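Q: Structure file data_11.txt (compact mmCIF, C-alpha atoms) right here:
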```txt
# COMPACT_ATOMS: atom_id res chain seq x y z
CA MET A 57 32.03 -83.40 4.53
CA LYS A 58 33.75 -80.82 2.34
CA ARG A 59 31.91 -80.15 -0.89
CA PHE A 60 33.71 -80.95 -4.13
CA PHE A 61 31.73 -79.30 -6.95
CA VAL A 62 33.42 -79.62 -10.31
CA LEU A 63 32.64 -81.68 -13.38
CA PRO A 64 35.67 -81.89 -15.67
CA LEU A 65 34.85 -83.03 -19.17
CA ALA A 66 37.83 -85.33 -19.02
CA ALA A 67 37.84 -88.21 -16.58
CA ALA A 68 39.91 -91.24 -15.69
CA GLY A 69 36.94 -93.16 -17.03
CA PHE A 70 33.39 -92.29 -18.03
CA PHE A 71 30.59 -94.56 -19.10
CA LEU A 72 27.23 -93.85 -20.70
CA ASN A 73 24.17 -96.04 -21.09
CA ALA A 74 23.32 -96.90 -24.68
CA GLN A 75 20.04 -97.06 -26.61
CA THR A 76 18.65 -93.94 -24.97
CA ILE A 77 18.19 -90.35 -26.07
CA GLY A 78 21.31 -88.36 -25.27
CA ASN A 79 24.69 -90.03 -25.03
CA SER A 80 26.90 -86.97 -24.70
CA PRO A 81 28.61 -85.94 -21.44
CA TYR A 82 27.80 -82.36 -22.49
CA ALA A 83 24.19 -83.26 -21.68
CA ALA A 84 25.19 -82.99 -18.01
CA PHE A 85 24.79 -79.21 -18.05
CA GLY A 86 21.56 -77.24 -17.86
CA ILE A 87 18.53 -78.86 -19.51
CA GLY A 88 20.64 -81.37 -21.41
CA ASP A 89 21.34 -82.03 -25.08
CA VAL A 90 18.95 -79.85 -27.11
CA LYS A 91 17.78 -81.48 -30.34
CA TYR A 92 17.50 -79.21 -33.35
CA ASP A 93 13.91 -78.40 -34.31
CA ASN A 94 13.56 -79.82 -37.82
CA THR A 95 12.53 -82.85 -39.86
CA THR A 96 14.66 -85.39 -41.75
CA ASP A 97 14.44 -83.57 -45.09
CA VAL A 98 15.32 -80.19 -43.53
CA ASN A 99 18.16 -81.66 -41.46
CA ALA A 100 19.66 -83.12 -44.65
CA MET A 101 19.93 -79.53 -45.96
CA GLY A 102 21.89 -78.28 -42.96
CA GLY A 103 18.71 -77.17 -41.16
CA ILE A 104 17.65 -74.37 -43.53
CA SER A 105 13.96 -74.13 -42.63
CA THR A 106 13.30 -70.39 -42.20
CA ALA A 107 13.20 -69.55 -45.92
CA TYR A 108 12.20 -73.04 -47.09
CA ILE A 109 8.89 -73.39 -48.94
CA TRP A 110 8.65 -76.86 -50.51
CA ASP A 111 7.64 -76.60 -54.17
CA PHE A 112 5.14 -79.44 -53.97
CA ASN A 113 1.95 -79.93 -51.98
CA ASN A 114 2.90 -82.61 -49.42
CA ASN A 115 5.06 -80.94 -46.76
CA PHE A 116 4.38 -78.76 -43.69
CA ASN A 117 7.11 -76.52 -42.24
CA PHE A 118 6.78 -76.41 -38.42
CA ALA A 119 10.01 -74.46 -37.88
CA ASN A 120 8.57 -71.53 -39.84
CA PRO A 121 4.77 -71.79 -39.73
CA GLY A 122 4.51 -68.94 -42.23
CA ALA A 123 6.15 -71.01 -45.01
CA ASN A 124 3.34 -73.40 -45.96
CA LYS A 125 1.56 -71.84 -48.90
CA ASN A 126 1.88 -74.93 -51.13
CA LEU A 127 0.42 -77.51 -48.73
CA GLU A 128 -2.72 -79.04 -50.29
CA LEU A 129 -2.67 -82.60 -48.96
CA THR A 130 -3.01 -84.19 -45.57
CA THR A 131 0.46 -85.30 -44.61
CA ILE A 132 1.56 -87.62 -41.79
CA LYS A 133 5.23 -87.94 -40.84
CA VAL A 134 6.85 -90.52 -38.60
CA GLU A 135 10.61 -90.20 -38.15
CA GLY A 136 13.42 -91.90 -36.26
CA THR A 137 17.05 -91.05 -35.51
CA ASN A 138 20.11 -93.22 -34.93
CA GLU A 139 23.00 -91.36 -33.24
CA ASN A 140 26.55 -92.73 -33.25
CA ASN A 141 29.01 -90.83 -31.05
CA PHE A 142 32.77 -91.28 -30.78
CA PHE A 143 34.34 -89.57 -27.76
CA LYS A 144 38.03 -88.87 -27.28
CA SER A 145 40.03 -87.13 -24.56
CA ASP A 146 43.78 -86.59 -24.25
CA TYR A 147 43.33 -87.02 -20.50
CA ASP A 148 44.27 -90.66 -19.89
CA ASN A 149 43.83 -91.26 -23.68
CA SER A 150 40.15 -92.08 -23.24
CA ASN A 151 38.16 -93.35 -26.25
CA VAL A 152 34.50 -94.33 -25.98
CA THR A 153 31.87 -95.16 -28.62
CA LYS A 154 28.13 -94.91 -27.88
CA HIS A 155 24.95 -95.34 -29.90
CA SER A 156 21.29 -94.48 -29.46
CA SER A 157 18.10 -94.80 -31.49
CA TYR A 158 14.81 -93.05 -30.79
CA LEU A 159 11.56 -91.74 -32.23
CA SER A 160 12.36 -88.15 -33.23
CA ASN A 161 9.15 -86.81 -34.77
CA ILE A 162 5.43 -87.53 -35.24
CA ALA A 163 3.38 -84.94 -37.11
CA ILE A 164 0.14 -84.46 -39.00
CA ALA A 165 -0.83 -81.44 -41.09
CA PHE A 166 -3.63 -80.55 -43.49
CA PRO A 167 -5.21 -77.52 -45.20
CA LEU A 168 -8.26 -75.96 -43.58
CA SER A 169 -8.81 -73.78 -46.66
CA PRO A 170 -6.70 -72.62 -49.63
CA LYS A 171 -5.18 -69.93 -47.39
CA VAL A 172 -5.19 -71.57 -43.94
CA LYS A 173 -3.08 -74.63 -43.02
CA PHE A 174 -2.81 -76.44 -39.68
CA GLY A 175 -0.33 -78.90 -38.18
CA MET A 176 0.36 -80.75 -34.92
CA GLY A 177 3.47 -82.64 -33.92
CA TYR A 178 5.62 -84.19 -31.21
CA GLN A 179 9.41 -84.08 -30.82
CA PRO A 180 11.93 -84.69 -28.04
CA TYR A 181 13.40 -81.27 -27.18
CA SER A 182 16.33 -82.20 -24.93
CA SER A 183 17.65 -85.17 -23.02
CA LYS A 184 20.07 -86.37 -20.34
CA LYS A 185 21.58 -89.82 -20.00
CA TYR A 186 25.11 -89.67 -18.68
CA SER A 187 27.29 -91.15 -15.99
CA VAL A 188 30.81 -89.83 -15.37
CA LEU A 189 33.26 -91.34 -12.87
CA ILE A 190 36.33 -89.38 -11.72
CA GLN A 191 38.86 -91.09 -9.44
CA GLU A 192 41.88 -89.59 -7.70
CA ASP A 193 44.60 -91.02 -5.45
CA LEU A 194 45.29 -88.89 -2.35
CA ALA A 195 47.88 -89.16 0.40
CA ASP A 196 48.03 -92.16 2.77
CA GLU A 197 46.50 -94.47 0.14
CA VAL A 198 43.17 -92.64 0.32
CA LYS A 199 41.09 -92.64 -2.84
CA ARG A 200 38.51 -90.05 -3.77
CA ALA A 201 35.73 -90.71 -6.28
CA ASN A 202 33.25 -88.34 -7.87
CA ILE A 203 30.27 -89.77 -9.73
CA PHE A 204 28.05 -87.54 -11.87
CA ARG A 205 24.80 -89.03 -13.11
CA GLY A 206 21.79 -87.63 -14.90
CA GLU A 207 18.74 -88.73 -16.83
CA GLY A 208 15.45 -87.48 -18.19
CA THR A 209 13.81 -86.16 -21.34
CA LEU A 210 12.14 -82.86 -22.10
CA SER A 211 9.55 -83.25 -24.88
CA THR A 212 7.50 -80.75 -26.85
CA VAL A 213 4.05 -80.88 -28.45
CA GLN A 214 3.49 -78.29 -31.17
CA ALA A 215 0.45 -76.82 -32.87
CA ALA A 216 0.93 -74.46 -35.82
CA LEU A 217 -1.38 -72.33 -37.97
CA SER A 218 -0.42 -70.75 -41.30
CA TYR A 219 -2.23 -67.98 -43.15
CA GLN A 220 -1.41 -66.83 -46.68
CA ILE A 221 -2.08 -63.10 -46.83
CA SER A 222 -1.17 -62.84 -50.52
CA PRO A 223 0.47 -65.08 -53.11
CA GLU A 224 3.84 -63.67 -51.97
CA LEU A 225 3.45 -63.27 -48.18
CA GLY A 226 2.55 -65.82 -45.53
CA LEU A 227 2.36 -65.54 -41.74
CA GLY A 228 2.25 -68.25 -39.11
CA PHE A 229 1.91 -68.90 -35.40
CA ARG A 230 3.08 -71.92 -33.42
CA THR A 231 2.52 -72.78 -29.78
CA ASN A 232 4.97 -75.12 -28.05
CA PHE A 233 4.23 -77.06 -24.86
CA TYR A 234 7.29 -78.48 -23.08
CA PHE A 235 7.00 -81.15 -20.43
CA GLY A 236 9.25 -83.64 -18.67
CA ASN A 237 11.51 -84.36 -15.71
CA LEU A 238 15.29 -83.96 -15.48
CA TYR A 239 17.47 -85.42 -12.75
CA ASP A 240 21.12 -84.77 -11.82
CA ILE A 241 23.23 -85.98 -8.90
CA ASN A 242 26.87 -85.48 -7.90
CA GLU A 243 28.13 -88.03 -5.34
CA LEU A 244 31.45 -87.62 -3.53
CA THR A 245 33.03 -90.42 -1.53
CA TYR A 246 36.38 -91.25 0.09
CA SER A 247 37.78 -94.73 0.64
CA ASN A 248 38.26 -94.01 4.38
CA ALA A 249 34.72 -92.60 4.89
CA GLU A 250 31.53 -94.55 5.52
CA LEU A 251 29.12 -91.94 4.14
CA ILE A 252 28.57 -90.55 0.65
CA ASN A 253 27.90 -86.85 0.14
CA GLY A 254 25.25 -86.30 -2.57
CA TYR A 255 24.13 -83.09 -4.31
CA GLU A 256 20.84 -83.81 -6.06
CA THR A 257 18.68 -81.69 -8.38
CA LYS A 258 15.20 -82.67 -9.60
CA ASN A 259 13.55 -80.48 -12.23
CA LYS A 260 9.89 -80.75 -13.20
CA ILE A 261 9.00 -78.76 -16.33
CA LYS A 262 5.65 -77.67 -17.72
CA THR A 263 5.83 -74.53 -19.84
CA PHE A 264 4.61 -72.91 -23.05
CA ASN A 265 6.27 -70.58 -25.49
CA PHE A 266 5.37 -69.29 -28.94
CA THR A 267 6.86 -68.89 -32.40
CA LEU A 268 5.90 -66.23 -34.94
CA GLY A 269 6.91 -66.87 -38.53
CA SER A 270 6.79 -65.08 -41.85
CA ALA A 271 7.81 -66.03 -45.37
CA TYR A 272 7.96 -63.93 -48.53
CA GLN A 273 8.45 -65.51 -51.97
CA LYS A 274 8.82 -63.47 -55.16
CA LYS A 275 8.66 -65.11 -58.59
CA PHE A 276 10.92 -63.95 -61.45
CA GLY A 277 10.12 -64.88 -65.02
CA THR A 278 8.30 -68.16 -65.40
CA ASP A 279 10.11 -70.40 -62.91
CA ARG A 280 12.64 -68.53 -60.74
CA LYS A 281 11.95 -67.52 -57.15
CA LEU A 282 13.51 -65.62 -54.27
CA THR A 283 12.43 -66.60 -50.74
CA LEU A 284 12.95 -64.67 -47.49
CA GLY A 285 11.87 -65.86 -44.05
CA ALA A 286 12.09 -64.92 -40.38
CA THR A 287 10.94 -66.46 -37.08
CA TYR A 288 10.87 -65.28 -33.49
CA THR A 289 10.38 -67.61 -30.50
CA PHE A 290 9.46 -65.93 -27.22
CA GLY A 291 7.63 -66.22 -23.91
CA ASN A 292 7.62 -68.74 -21.08
CA THR A 293 4.15 -68.97 -19.58
CA GLY A 294 4.80 -71.97 -17.36
CA GLU A 295 7.67 -72.74 -15.03
CA MET A 296 10.32 -75.19 -13.94
CA GLU A 297 10.14 -76.47 -10.37
CA THR A 298 13.54 -77.31 -8.90
CA ASN A 299 14.17 -79.37 -5.77
CA TYR A 300 17.77 -79.34 -4.57
CA THR A 301 19.06 -81.55 -1.74
CA ASN A 302 22.51 -81.81 -0.16
CA SER A 303 22.68 -84.90 2.05
CA THR A 304 24.86 -87.72 3.36
CA TYR A 305 23.96 -91.43 3.25
CA TYR A 306 25.19 -94.88 2.31
CA TYR A 307 23.80 -97.53 -0.04
CA SER A 308 22.43 -100.80 1.29
CA THR A 309 21.67 -103.99 -0.61
CA GLY A 310 19.44 -103.21 -3.57
CA ASN A 311 21.01 -99.78 -4.09
CA GLN A 312 18.75 -98.17 -1.49
CA LYS A 313 19.85 -95.07 0.40
CA GLU A 314 20.14 -95.53 4.17
CA ASN A 315 20.87 -93.25 7.13
CA ILE A 316 19.98 -90.13 5.15
CA SER A 317 20.98 -86.87 6.81
CA ILE A 318 19.85 -83.62 5.13
CA ILE A 319 22.54 -80.90 5.19
CA ASP A 320 20.77 -78.38 2.97
CA GLU A 321 17.72 -78.28 0.72
CA ASP A 322 16.01 -75.70 -1.40
CA PHE A 323 12.98 -75.28 -3.67
CA SER A 324 12.77 -72.73 -6.46
CA THR A 325 10.78 -71.94 -9.60
CA ASP A 326 12.11 -70.45 -12.79
CA LYS A 327 10.41 -69.28 -15.99
CA ASN A 328 13.58 -68.58 -17.97
CA LEU A 329 13.99 -72.13 -19.19
CA ILE A 330 13.54 -72.10 -22.98
CA PRO A 331 15.63 -69.31 -24.54
CA MET A 332 14.38 -66.55 -26.79
CA GLU A 333 15.37 -67.34 -30.38
CA PHE A 334 15.47 -65.40 -33.65
CA SER A 335 16.09 -66.78 -37.13
CA PHE A 336 16.50 -65.22 -40.58
CA GLY A 337 16.91 -67.04 -43.89
CA ALA A 338 17.12 -66.41 -47.63
CA GLY A 339 17.05 -68.68 -50.65
CA TYR A 340 16.87 -68.77 -54.41
CA GLY A 341 15.74 -71.51 -56.77
CA ARG A 342 13.96 -72.79 -59.83
CA ASP A 343 10.47 -74.29 -59.62
CA ALA A 344 10.47 -78.09 -59.16
CA LYS A 345 14.16 -78.23 -60.12
CA TRP A 346 16.58 -76.86 -57.49
CA PHE A 347 16.89 -74.59 -54.48
CA VAL A 348 19.77 -73.19 -52.41
CA GLY A 349 19.46 -71.23 -49.17
CA THR A 350 21.20 -69.96 -46.07
CA GLN A 351 20.11 -69.24 -42.52
CA VAL A 352 21.30 -67.61 -39.29
CA ASP A 353 19.85 -68.53 -35.86
CA TYR A 354 20.47 -66.71 -32.59
CA LYS A 355 19.61 -67.94 -29.07
CA LYS A 356 19.77 -65.85 -25.93
CA GLY A 357 21.57 -67.41 -22.96
CA GLU A 358 19.64 -68.26 -19.79
CA THR A 359 20.54 -69.04 -16.17
CA ILE A 360 19.00 -71.98 -14.31
CA GLN A 361 19.75 -73.95 -11.13
CA PHE A 362 22.11 -76.91 -11.51
CA LEU A 363 23.26 -78.94 -8.48
CA GLY A 364 22.35 -76.09 -6.16
CA GLN A 365 24.22 -73.40 -8.06
CA PRO A 366 23.28 -71.03 -10.90
CA PHE A 367 24.37 -72.31 -14.28
CA THR A 368 24.43 -69.92 -17.25
CA ASN A 369 24.08 -70.95 -20.87
CA GLN A 370 25.90 -68.53 -23.16
CA ASN A 371 24.38 -66.68 -26.08
CA SER A 372 24.76 -68.87 -29.15
CA TYR A 373 24.33 -68.70 -32.90
CA ARG A 374 24.13 -71.11 -35.83
CA ILE A 375 24.98 -70.51 -39.51
CA ALA A 376 23.70 -72.99 -42.09
CA ALA A 377 23.59 -73.39 -45.86
CA GLY A 378 22.06 -76.06 -48.06
CA GLY A 379 19.54 -76.95 -50.69
CA TRP A 380 18.02 -79.62 -52.92
CA TYR A 381 18.07 -80.82 -56.53
CA LEU A 382 15.38 -82.77 -58.40
CA PRO A 383 16.43 -83.98 -61.89
CA ASN A 384 12.95 -84.50 -63.42
CA PHE A 385 9.88 -85.32 -61.34
CA ASN A 386 7.88 -86.18 -64.49
CA ASN A 387 10.31 -88.80 -65.76
CA PHE A 388 8.47 -92.05 -65.00
CA ARG A 389 10.94 -94.17 -66.97
CA ASN A 390 13.87 -93.37 -64.67
CA TYR A 391 13.12 -93.66 -60.95
CA PHE A 392 16.28 -91.83 -59.85
CA SER A 393 15.29 -88.79 -61.90
CA ARG A 394 12.35 -88.44 -59.51
CA VAL A 395 14.51 -88.64 -56.36
CA THR A 396 15.19 -85.36 -54.53
CA TYR A 397 18.85 -84.99 -53.54
CA ARG A 398 19.62 -82.80 -50.51
CA TYR A 399 22.87 -81.31 -49.20
CA GLY A 400 24.04 -78.84 -46.55
CA ALA A 401 26.41 -77.82 -43.77
CA TYR A 402 26.30 -75.79 -40.57
CA TYR A 403 28.48 -74.24 -37.88
CA GLU A 404 27.17 -73.64 -34.36
CA LYS A 405 28.78 -71.52 -31.69
CA GLY A 406 27.37 -73.44 -28.73
CA ASN A 407 25.93 -72.22 -25.44
CA LEU A 408 28.54 -74.01 -23.28
CA SER A 409 31.89 -72.50 -22.31
CA PHE A 410 34.49 -73.81 -19.83
CA ASN A 411 37.62 -71.94 -18.77
CA GLY A 412 37.28 -69.66 -21.78
CA THR A 413 36.88 -72.56 -24.23
CA ASN A 414 33.64 -72.68 -26.24
CA ILE A 415 31.98 -76.00 -27.06
CA ASN A 416 31.20 -75.49 -30.74
CA GLN A 417 29.82 -77.82 -33.40
CA PHE A 418 30.25 -78.30 -37.15
CA ALA A 419 28.70 -80.80 -39.55
CA ILE A 420 28.03 -81.61 -43.18
CA THR A 421 24.70 -83.16 -44.14
CA GLY A 422 23.07 -84.92 -47.05
CA GLY A 423 20.11 -87.04 -47.94
CA VAL A 424 17.47 -88.11 -50.41
CA SER A 425 13.69 -88.15 -50.66
CA LEU A 426 12.52 -91.36 -52.30
CA PRO A 427 8.97 -91.43 -53.77
CA PHE A 428 7.07 -94.62 -53.05
CA GLU A 429 5.89 -95.24 -56.61
CA ASN A 430 5.56 -93.71 -60.05
CA ARG A 431 2.73 -91.31 -59.41
CA SER A 432 2.31 -87.63 -60.19
CA ALA A 433 3.80 -84.89 -58.04
CA ALA A 434 0.34 -84.36 -56.55
CA ARG A 435 0.76 -87.61 -54.56
CA MET A 436 4.39 -87.55 -53.42
CA SER A 437 4.36 -89.93 -50.47
CA GLY A 438 7.80 -91.33 -49.81
CA ILE A 439 10.78 -91.98 -47.59
CA ASP A 440 13.22 -89.29 -46.41
CA LEU A 441 16.77 -90.41 -45.60
CA GLY A 442 19.37 -88.15 -43.99
CA LEU A 443 23.02 -88.33 -42.95
CA GLU A 444 24.87 -85.94 -40.63
CA ILE A 445 28.65 -86.14 -40.04
CA GLY A 446 30.38 -83.71 -37.72
CA LYS A 447 32.18 -82.94 -34.51
CA ARG A 448 31.49 -81.13 -31.26
CA GLY A 449 33.87 -79.86 -28.61
CA THR A 450 37.66 -79.88 -28.52
CA LEU A 451 40.64 -81.70 -27.03
CA GLU A 452 41.96 -78.42 -25.57
CA ASN A 453 42.12 -77.99 -21.78
CA ASN A 454 41.62 -81.75 -21.24
CA MET A 455 38.08 -81.64 -22.61
CA ILE A 456 36.23 -84.16 -24.75
CA ARG A 457 35.91 -84.10 -28.53
CA GLN A 458 32.72 -85.69 -29.81
CA ASN A 459 32.67 -86.94 -33.39
CA PHE A 460 29.27 -88.10 -34.59
CA VAL A 461 27.54 -89.85 -37.47
CA ASN A 462 23.75 -89.50 -37.28
CA LEU A 463 21.30 -91.33 -39.49
CA ARG A 464 17.69 -90.27 -39.94
CA ILE A 465 14.72 -91.87 -41.65
CA GLY A 466 11.25 -90.46 -42.12
CA LEU A 467 8.04 -91.78 -43.66
CA ASN A 468 5.79 -89.19 -45.27
CA PHE A 469 2.26 -90.27 -46.19
CA ALA A 470 0.35 -87.67 -48.20
CA ASP A 471 -3.09 -87.80 -49.77
CA LYS A 472 -6.34 -85.85 -50.05
CA TRP A 473 -7.87 -86.95 -46.78
CA PHE A 474 -10.60 -85.15 -44.83
CA ASN A 475 -11.98 -83.70 -48.09
CA LYS A 476 -15.62 -84.09 -49.07
CA ARG A 477 -16.23 -86.36 -52.07
CA LEU A 478 -18.52 -85.06 -54.79
CA TYR A 479 -20.72 -87.42 -56.84
CA ASP A 480 -22.73 -86.73 -59.94
```
Go ahead and express the file in the form of structure tokens.
A:
Amino acid sequence: MKRFFVLPLAAAGFFLNAQTIGNSPYAAFGIGDVKYDNTTDVNAMGGISTAYIWDFNNNFNFANPGANKNLELTTIKVEGTNENNFFKSDYDNSNVTKHSSYLSNIAIAFPLSPKVKFGMGYQPYSSKKYSVLIQEDLADEVKRANIFRGEGTLSTVQAALSYQISPELGLGFRTNFYFGNLYDINELTYSNAELINGYETKNKIKTFNFTLGSAYQKKFGTDRKLTLGATYTFGNTGEMETNYTNSTYYYSTGNQKENISIIDEDFSTDKNLIPMEFSFGAGYGRDAKWFVGTQVDYKKGETIQFLGQPFTNQNSYRIAAGGWYLPNFNNFRNYFSRVTYRYGAYYEKGNLSFNGTNINQFAITGGVSLPFENRSAARMSGIDLGLEIGKRGTLENNMIRQNFVNLRIGLNFADKWFNKRLYD
């Protein structure tokens, strides 16, 4: 059977399963929809994490492990995300709305000494959950159908160590372990044929890479500060195992494949899975009052196997700006004076490109950090809320535009745990 290998991002109809990580048809390519590596409070500021040192003592920065000089408490974070996607295509005037909710972060961090801080966390890194159906009428009342399906999640477990060399300069190191399974299949069938032709790819991933981080903060006068930060993510010590199969078959009752005939199969390993990444940021603010910063991220493109063929992710970059404002953290008479208000925006030149058209993304963000109760800044447990509104892709060349409204919530519990108690 002649191979028909193409996945247009516009279809006569496409459907996606809800309540799972990854609703976008763009997740069909490569390792899926990559989730940005930050927490609810950072996301609400457009993702500015590289030059972000929280003024108080209850927050650990995993994105830049060198930016944790103020952490003095044990902090536990549990966060969830609700994604709401609205897809539109000029091809056949398609409009689809999809939603998903998932656990997006679990982390614990604590100081080992006044200069050394440690943190561990879990996040989903990327995901696939798509199903695209493309139908076409041929001559002699023959119909052709292409079905593209994929699923799977790639997760990461992180461990980070921070060391404060001087009051101004901090360095950090983070190790990242990625694990999971990703599955893609393209099935081609004709109404006058008994067999289905399937092109199937199974990826099994277990790999490490590493992030180096540095942060420099200079104080001016009594309460002003300039912060600079940089991170570099590199190295793939593990590998991705890829099994590719081209076969014909038909489905029996119970959706079981029968009469399988292997046309071609291949096995390969690849270490170039997680791209090299560099980030630089700068910010300026006033102690315990306000902060504004900007950041530039760059990711190197990589080539992996997808449905039996090489698939190349393009080089990409991301520009973000944002900050926070805290009216008066010592005002115990007015609760909203002790709320931290966050704002930001970003533009991302994405790693996907089709027929010369880049799949880019833009969003504005905002949020608040709500303290649990009227206690001093030394015990700032609370709730982080974030909102992200933006769009991805374009209607050009019969592609799909993805508008999205993402909601995030995080619980941050902070206290002086694991410390020895002294008694008179």
Q: Give the answer as one residue: which of A:Glu358, A:Glu452, A:Asp146, A:Asp353 has the shortest atom-to-atom distance to Asp93 (chain A), using all atoms listed in the file?
A: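 Distance minimum relative to Asp93 (chain A) lands on A:Asp353.
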Q: Of the residues A:Gln214, A:Thr263, A:Asn299, A:Thr278, which is the one nearest to Asp240 (chain A), using only C-alpha atoms?
A: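 Smallest distance to Asp240 (chain A) is found for A:Asn299.
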Q: Using all atoms listed in the file, which residues sit within 12 Å of Tyr354 (chain A) once same-chain residues fewer than 6 positions away are excluded, as an NGL selection string?
A: :A and (286-289 or 331-337 or 370-376 or 404-407)
Q: Of the candidates A:Leu441, A:Ala123, A:Ala344, A:Leu210, which one gets nearest to Gly422 (chain A) if we count only C-alpha atoms?
A: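 Closest to Gly422 (chain A), using only C-alpha atoms: A:Leu441.
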Q: So the first atom is CA of Ala163 (chain A) and the second is CA of Gly136 (chain A); what is the distance between them in Å, to one decimal place?
A: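 Between these atoms lies a distance of 12.2 Å.
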Q: Given the choices A:Met455, A:Val348, A:Ala215, A:Met296, which gets closest to Phe323 (chain A) if the distance is worked out from all atoms listed in the file?
A: A:Met296
Q: Just give me the gap between CA of Asn416 (chain A) and CA of Gly86 (chain A) in Å, one decimal is fine.
A: 16.2 Å
Q: Check the smallest atom-to-atom distance from each of A:Gly438, A:Pro81, A:Gly466, A:Gly349 to Lys154 (chain A) using only C-alpha atoms, then report the winner.
A: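 The closest residue to Lys154 (chain A) is A:Pro81.
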Q: What's around Thr301 (chain A) at 12 Å? Count all atoms listed in the file, leave out sequence neighbours fewer than 2 positions away in its own chain, and write the answer as a list in words.
A: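 Using all atoms listed in the file, the neighbours found are Tyr239, Asp240, Ile241, Asn242, Glu243, Asn253, Gly254, Tyr255, Glu256, Thr257, Lys258, Asn259, Thr298, Asn299, Ser303, Thr304, Ile316, Ser317, Ile318, Ile319, Asp320, Glu321, Asp322, Phe323, Ser324, Phe362, Leu363, Gly364 and Gln365 of chain A.
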Q: Set the distance at 8 Å and use only C-alpha atoms: which residues neighbour region 388-402 of chain A once local chain neighbours fewer than 3 positions away are removed? I'd like the list as a count of residues only.
A: 28
